[in-house]
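Here's upload23.pdb, which has PDB, C-alpha atoms and all ligand atoms:
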```pdb
ATOM      1  CA  MET A 187       0.000   0.000   0.000
ATOM      2  CA  GLN A 188       1.246   3.440  -0.936
ATOM      3  CA  LYS A 189       2.028   5.646   2.060
ATOM      4  CA  LYS A 190       2.119   9.394   2.518
ATOM      5  CA  ILE A 191       5.630  10.859   2.444
ATOM      6  CA  LEU A 192       6.441  13.401   5.148
ATOM      7  CA  ILE A 193       7.657  16.776   3.923
ATOM      8  CA  GLU A 194      10.279  18.941   5.646
ATOM      9  CA  PRO A 195       9.893  20.838   7.937
ATOM     10  CA  ASP A 196       8.506  17.975  10.022
ATOM     11  CA  PRO A 197       9.922  17.131  13.478
ATOM     12  CA  ILE A 198       9.574  13.393  12.773
ATOM     13  CA  LEU A 199      12.186  13.673   9.999
ATOM     14  CA  ARG A 200      14.688  14.867  12.636
ATOM     15  CA  GLN A 201      14.357  11.810  14.899
ATOM     16  CA  LYS A 202      16.961   9.070  15.257
ATOM     17  CA  CYS A 203      15.619   5.675  14.165
ATOM     18  CA  GLU A 204      15.785   2.441  16.161
ATOM     19  CA  PRO A 205      17.165  -0.832  14.786
ATOM     20  CA  LEU A 206      14.635  -3.294  13.409
ATOM     21  CA  GLU A 207      14.512  -6.239  15.833
ATOM     22  CA  LYS A 208      13.418  -8.949  13.436
ATOM     23  CA  ILE A 209      12.236  -9.370   9.891
ATOM     24  CA  ASP A 210       8.768 -10.813  10.313
ATOM     25  CA  GLY A 211       5.678 -10.522   8.150
ATOM     26  CA  ASN A 212       4.963  -6.998   9.371
ATOM     27  CA  ALA A 213       8.483  -5.838   8.521
ATOM     28  CA  LYS A 214       8.218  -7.359   5.050
ATOM     29  CA  LYS A 215       4.846  -5.678   4.536
ATOM     30  CA  LEU A 216       6.427  -2.374   5.565
ATOM     31  CA  MET A 217       9.324  -2.892   3.128
ATOM     32  CA  ASP A 218       6.860  -3.716   0.317
ATOM     33  CA  ASP A 219       4.905  -0.536   1.118
ATOM     34  CA  MET A 220       8.111   1.509   1.099
ATOM     35  CA  LEU A 221       9.071   0.125  -2.320
ATOM     36  CA  GLU A 222       5.624   0.825  -3.762
ATOM     37  CA  THR A 223       5.673   4.357  -2.325
ATOM     38  CA  MET A 224       9.168   5.014  -3.701
ATOM     39  CA  TYR A 225       8.324   3.787  -7.229
ATOM     40  CA  ALA A 226       5.084   5.770  -7.272
ATOM     41  CA  ALA A 227       6.756   9.014  -6.151
ATOM     42  CA  PRO A 228       8.971   8.345  -8.220
ATOM     43  CA  GLY A 229      12.281   8.243  -6.397
ATOM     44  CA  ILE A 230      15.473   6.180  -6.180
ATOM     45  CA  GLY A 231      15.632   5.887  -2.401
ATOM     46  CA  LEU A 232      13.328   5.995   0.602
ATOM     47  CA  ALA A 233      13.855   5.548   4.333
ATOM     48  CA  ALA A 234      11.072   4.279   6.634
ATOM     49  CA  ILE A 235      11.248   7.523   8.642
ATOM     50  CA  GLN A 236       9.977   9.368   5.559
ATOM     51  CA  ILE A 237       6.661   7.562   5.940
ATOM     52  CA  GLY A 238       6.706   8.124   9.698
ATOM     53  CA  ILE A 239       8.168   4.772  10.824
ATOM     54  CA  LEU A 240      11.187   5.278  13.087
ATOM     55  CA  LYS A 241      13.056   2.087  12.135
ATOM     56  CA  ARG A 242      16.473   1.700  10.506
ATOM     57  CA  LEU A 243      15.141   0.618   7.166
ATOM     58  CA  VAL A 244      15.976   1.835   3.661
ATOM     59  CA  VAL A 245      15.050   0.883   0.118
ATOM     60  CA  ILE A 246      17.081   1.924  -2.920
ATOM     61  CA  ASP A 247      16.709   1.294  -6.636
ATOM     62  CA  ILE A 248      18.823   3.372  -9.001
ATOM     63  CA  SER A 249      17.813   1.429 -12.144
ATOM     64  CA  LYS A 250      16.410   3.778 -14.760
ATOM     65  CA  GLU A 251      14.072   1.422 -16.637
ATOM     66  CA  LYS A 252      10.969  -0.168 -15.182
ATOM     67  CA  GLU A 253      11.854  -3.528 -16.793
ATOM     68  CA  LYS A 254      15.239  -3.611 -15.077
ATOM     69  CA  ARG A 255      14.134  -2.827 -11.541
ATOM     70  CA  LYS A 256      16.521  -4.089  -8.895
ATOM     71  CA  PRO A 257      15.546  -2.906  -5.425
ATOM     72  CA  ILE A 258      17.969  -3.213  -2.511
ATOM     73  CA  PHE A 259      16.540  -3.312   0.998
ATOM     74  CA  LEU A 260      18.952  -2.233   3.728
ATOM     75  CA  VAL A 261      17.919  -3.272   7.236
ATOM     76  CA  ASN A 262      20.004  -1.756  10.072
ATOM     77  CA  PRO A 263      22.650  -0.531   7.591
ATOM     78  CA  GLU A 264      26.037   0.547   8.861
ATOM     79  CA  ILE A 265      28.722   2.257   6.818
ATOM     80  CA  ILE A 266      31.994   0.437   7.481
ATOM     81  CA  TYR A 267      34.187   2.261   4.953
ATOM     82  CA  ARG A 268      34.249   5.736   3.420
ATOM     83  CA  SER A 269      36.809   6.755   0.801
ATOM     84  CA  LYS A 270      38.914   9.873   1.312
ATOM     85  CA  GLU A 271      38.170  10.789  -2.268
ATOM     86  CA  THR A 272      34.916  12.678  -2.625
ATOM     87  CA  SER A 273      32.397  13.328  -5.365
ATOM     88  CA  VAL A 274      29.673  15.901  -5.868
ATOM     89  CA  TYR A 275      26.124  15.081  -6.938
ATOM     90  CA  GLU A 276      23.084  17.249  -7.265
ATOM     91  CA  GLU A 277      20.811  15.708  -4.647
ATOM     92  CA  GLY A 278      17.096  15.826  -4.205
ATOM     93  CA  CYS A 279      14.832  14.117  -1.676
ATOM     94  CA  LEU A 280      11.220  12.942  -1.674
ATOM     95  CA  SER A 281      10.783  14.835   1.615
ATOM     96  CA  LEU A 282      12.008  18.058  -0.025
ATOM     97  CA  PRO A 283       9.980  18.124  -3.240
ATOM     98  CA  GLY A 284      11.339  20.318  -6.031
ATOM     99  CA  GLN A 285      14.518  21.194  -4.130
ATOM    100  CA  PHE A 286      17.983  20.260  -5.363
ATOM    101  CA  ALA A 287      21.513  21.143  -4.327
ATOM    102  CA  GLU A 288      25.055  19.925  -4.872
ATOM    103  CA  VAL A 289      26.404  17.889  -1.974
ATOM    104  CA  GLU A 290      29.954  16.595  -1.549
ATOM    105  CA  ARG A 291      30.308  13.130  -0.012
ATOM    106  CA  PRO A 292      32.859  10.283   0.018
ATOM    107  CA  ALA A 293      32.957   8.888  -3.528
ATOM    108  CA  GLU A 294      33.000   5.263  -2.328
ATOM    109  CA  CYS A 295      31.576   3.494   0.664
ATOM    110  CA  SER A 296      30.987  -0.004   2.004
ATOM    111  CA  VAL A 297      27.853  -0.837   3.896
ATOM    112  CA  LYS A 298      27.017  -3.783   6.135
ATOM    113  CA  TYR A 299      23.303  -4.592   6.350
ATOM    114  CA  ILE A 300      20.632  -7.267   6.611
ATOM    115  CA  ASP A 301      18.614  -7.942   3.470
ATOM    116  CA  TYR A 302      14.882  -8.560   2.897
ATOM    117  CA  PHE A 303      15.332 -12.249   3.717
ATOM    118  CA  GLY A 304      17.278 -11.667   6.933
ATOM    119  CA  LYS A 305      20.696 -12.435   5.476
ATOM    120  CA  GLU A 306      23.762 -10.452   6.532
ATOM    121  CA  LYS A 307      25.365  -8.739   3.571
ATOM    122  CA  GLU A 308      28.056  -6.282   2.595
ATOM    123  CA  LEU A 309      28.043  -3.989  -0.397
ATOM    124  CA  LYS A 310      30.783  -1.780  -1.804
ATOM    125  CA  ALA A 311      29.411   1.101  -3.810
ATOM    126  CA  ASN A 312      30.617   4.021  -5.869
ATOM    127  CA  GLY A 313      29.017   6.669  -8.068
ATOM    128  CA  LEU A 314      25.340   7.445  -7.667
ATOM    129  CA  LEU A 315      24.714   4.342  -5.533
ATOM    130  CA  ALA A 316      27.347   5.404  -2.959
ATOM    131  CA  THR A 317      25.763   8.863  -2.678
ATOM    132  CA  CYS A 318      22.278   7.394  -2.450
ATOM    133  CA  ILE A 319      23.286   4.954   0.338
ATOM    134  CA  GLN A 320      24.847   7.780   2.361
ATOM    135  CA  HIS A 321      21.832  10.065   1.797
ATOM    136  CA  GLU A 322      19.410   7.353   2.967
ATOM    137  CA  ILE A 323      21.465   6.348   6.017
ATOM    138  CA  ASP A 324      21.569  10.036   6.988
ATOM    139  CA  HIS A 325      17.755   9.919   7.125
ATOM    140  CA  LEU A 326      17.984   7.212   9.821
ATOM    141  CA  ASN A 327      19.914   9.683  11.966
ATOM    142  CA  GLY A 328      17.566  12.604  11.334
ATOM    143  CA  ILE A 329      19.910  14.260   8.816
ATOM    144  CA  LEU A 330      18.751  15.797   5.534
ATOM    145  CA  PHE A 331      20.936  16.855   2.598
ATOM    146  CA  ILE A 332      20.158  20.526   3.252
ATOM    147  CA  ASP A 333      22.105  20.193   6.524
ATOM    148  CA  TYR A 334      25.286  20.216   4.405
ATOM    149  CA  LEU A 335      24.446  23.581   2.817
ATOM    150  CA  SER A 336      25.123  27.093   4.072
ATOM    151  CA  LYS A 337      22.576  28.454   6.544
ATOM    152  CA  LEU A 338      21.416  30.926   3.911
ATOM    153  CA  LYS A 339      20.707  28.238   1.288
ATOM    154  CA  LYS A 340      19.127  25.930   3.851
ATOM    155  CA  ASP A 341      16.800  28.641   5.177
ATOM    156  CA  MET A 342      15.802  29.557   1.635
ATOM    157  CA  ILE A 343      14.846  25.946   0.832
ATOM    158  CA  ILE A 344      12.902  25.537   4.090
ATOM    159  CA  LYS A 345      11.001  28.751   3.365
ATOM    160  CA  LYS A 346      10.020  27.409  -0.073
ATOM    161  CA  LEU A 347       8.912  24.117   1.461
ATOM    162  CA  ILE A 348       6.709  25.839   4.045
ATOM    163  CA  LYS A 349       5.041  27.717   1.187
ATOM    164  CA  HIS A 350       4.711  24.463  -0.788
ATOM    165  CA  LYS A 351       3.097  22.668   2.173
ATOM    166  CA  LYS A 352       0.565  25.474   2.589
ATOM    167  CA  GLU A 353      -0.317  25.187  -1.106
ATOM    168  CA  ILE A 354      -0.845  21.423  -0.855
ATOM    169  CA  GLU A 355      -3.145  21.881   2.136
ATOM    170  CA  ARG A 356      -5.109  24.504   0.259
ATOM    171  CA  VAL A 357      -5.700  22.108  -2.636
ATOM    172  CA  ILE A 358      -6.797  19.274  -0.327
ATOM    173  CA  VAL A 359      -9.113  21.509   1.713
TER
HETATM  174 NI    NI B 401      15.915  11.715   1.030
END
```
For this file, write the structure as structure tokens.
Ligand code: NI
Amino acid sequence: MQKKILIEPDPILRQKCEPLEKIDGNAKKLMDDMLETMYAAPGIGLAAIQIGILKRLVVIDISKEKEKRKPIFLVNPEIIYRSKETSVYEEGCLSLPGQFAEVERPAECSVKYIDYFGKEKELKANGLLATCIQHEIDHLNGILFIDYLSKLKKDMIIKKLIKHKKEIERVIV
């Protein structure tokens, strides 16, 4: 089932998420809902906190074509390596609709996680995937990409989002 994505500013998005204790039917249902919500948005990454669930749970799929979908579920992910070399990507976020900014992050990272089936895994990533993993894991710690920008830029984006949220409410009401 598609869920509503929380939009910044929202205090829930600033919470620190708790580890997922076990992958039971409910957890799988939640992961399925996250995937459906992400594809519908559409986006390439979504953390459970963005739909109001404070668990350390992320889904990512950077494949461009619908036929080649390859989702990765990261349960309790932990970054175990970050390269010194950095790269810059223009980032966006489903919780900050219409807002984009360049963010510098380690170009490569390795992440340890549990997959959809409860198996322990490790993944080494570079390029867009490395940035996406770091962006999503930030969500689990209440961090958004705008936190890396100057106060001026960040305030400007938040102001636009407040206006955007008011407009959405107006349409619904
Ligand atoms: Ni995001």
Residues within 12 Å of A:Ile235, only C-alpha atoms, excluding chain neighbours under 6 positions, as a ChimeraX atom specification: /A:189-194,196-205,216-217,220,241-245,280-281,322-330
Shortest interatomic distance to ligand NI 401 (chain B) - which of A:Ile266, A:Ile319, A:Val357, A:Ile258, counting only C-alpha atoms and all ligand atoms: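 Answer, going by the shortest atom-to-atom distance: A:Ile319.
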List the residues selected by the PyMOL selection byres (((chain A and resi 267-277) around 8) and not hetatm) in the file shown, writing them as an mmCIF file with C-alpha atoms, in the coordinates of the input.
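So the final result, stored in selection15.cif, reads:
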```cif
data_model
loop_
_atom_site.group_PDB
_atom_site.id
_atom_site.type_symbol
_atom_site.label_atom_id
_atom_site.label_comp_id
_atom_site.auth_asym_id
_atom_site.auth_seq_id
_atom_site.Cartn_x
_atom_site.Cartn_y
_atom_site.Cartn_z
ATOM 1 C CA ILE A 265 28.722 2.257 6.818
ATOM 2 C CA ILE A 266 31.994 0.437 7.481
ATOM 3 C CA GLY A 278 17.096 15.826 -4.205
ATOM 4 C CA CYS A 279 14.832 14.117 -1.676
ATOM 5 C CA PHE A 286 17.983 20.260 -5.363
ATOM 6 C CA ALA A 287 21.513 21.143 -4.327
ATOM 7 C CA GLU A 288 25.055 19.925 -4.872
ATOM 8 C CA VAL A 289 26.404 17.889 -1.974
ATOM 9 C CA GLU A 290 29.954 16.595 -1.549
ATOM 10 C CA ARG A 291 30.308 13.130 -0.012
ATOM 11 C CA PRO A 292 32.859 10.283 0.018
ATOM 12 C CA ALA A 293 32.957 8.888 -3.528
ATOM 13 C CA GLU A 294 33.000 5.263 -2.328
ATOM 14 C CA CYS A 295 31.576 3.494 0.664
ATOM 15 C CA SER A 296 30.987 -0.004 2.004
ATOM 16 C CA VAL A 297 27.853 -0.837 3.896
ATOM 17 C CA GLY A 313 29.017 6.669 -8.068
ATOM 18 C CA LEU A 314 25.340 7.445 -7.667
ATOM 19 C CA THR A 317 25.763 8.863 -2.678
ATOM 20 C CA PHE A 331 20.936 16.855 2.598
#
```
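Distance annotation: of A:Asp219, A:Arg255, A:Leu282, A:Gly238, the residue with the minimal separation from ligand NI 401 (chain B) is A:Leu282; atom set is all atoms listed in the file.
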Distance in Å - atom CA of A:Asp301 versus atom CA of A:Lys214: 10.5 Å
Given all atoms listed in the file as the counted atoms, nearest of A:Pro195, A:Gly211, A:Gly231, A:Pro257 to ligand NI 401 (chain B): A:Gly231
Separation of atom CA of A:Asp333 from atom CA of A:Ile348, in Å and rounded to one decimal: 16.6 Å
Give me the box for stretch 228-233 of chain A as JSON, namely the centre and edge lengths in Å to one decimal of a box along x, y and z that holds every listed atom plus 8 Å on each side.
```
{"center_x": 12.3, "center_y": 6.9, "center_z": -1.9, "size_x": 22.7, "size_y": 18.8, "size_z": 28.6}
```
Atomic separation - atom CA of A:Glu251 relative to atom CA of A:Gly284, Å: 21.8 Å
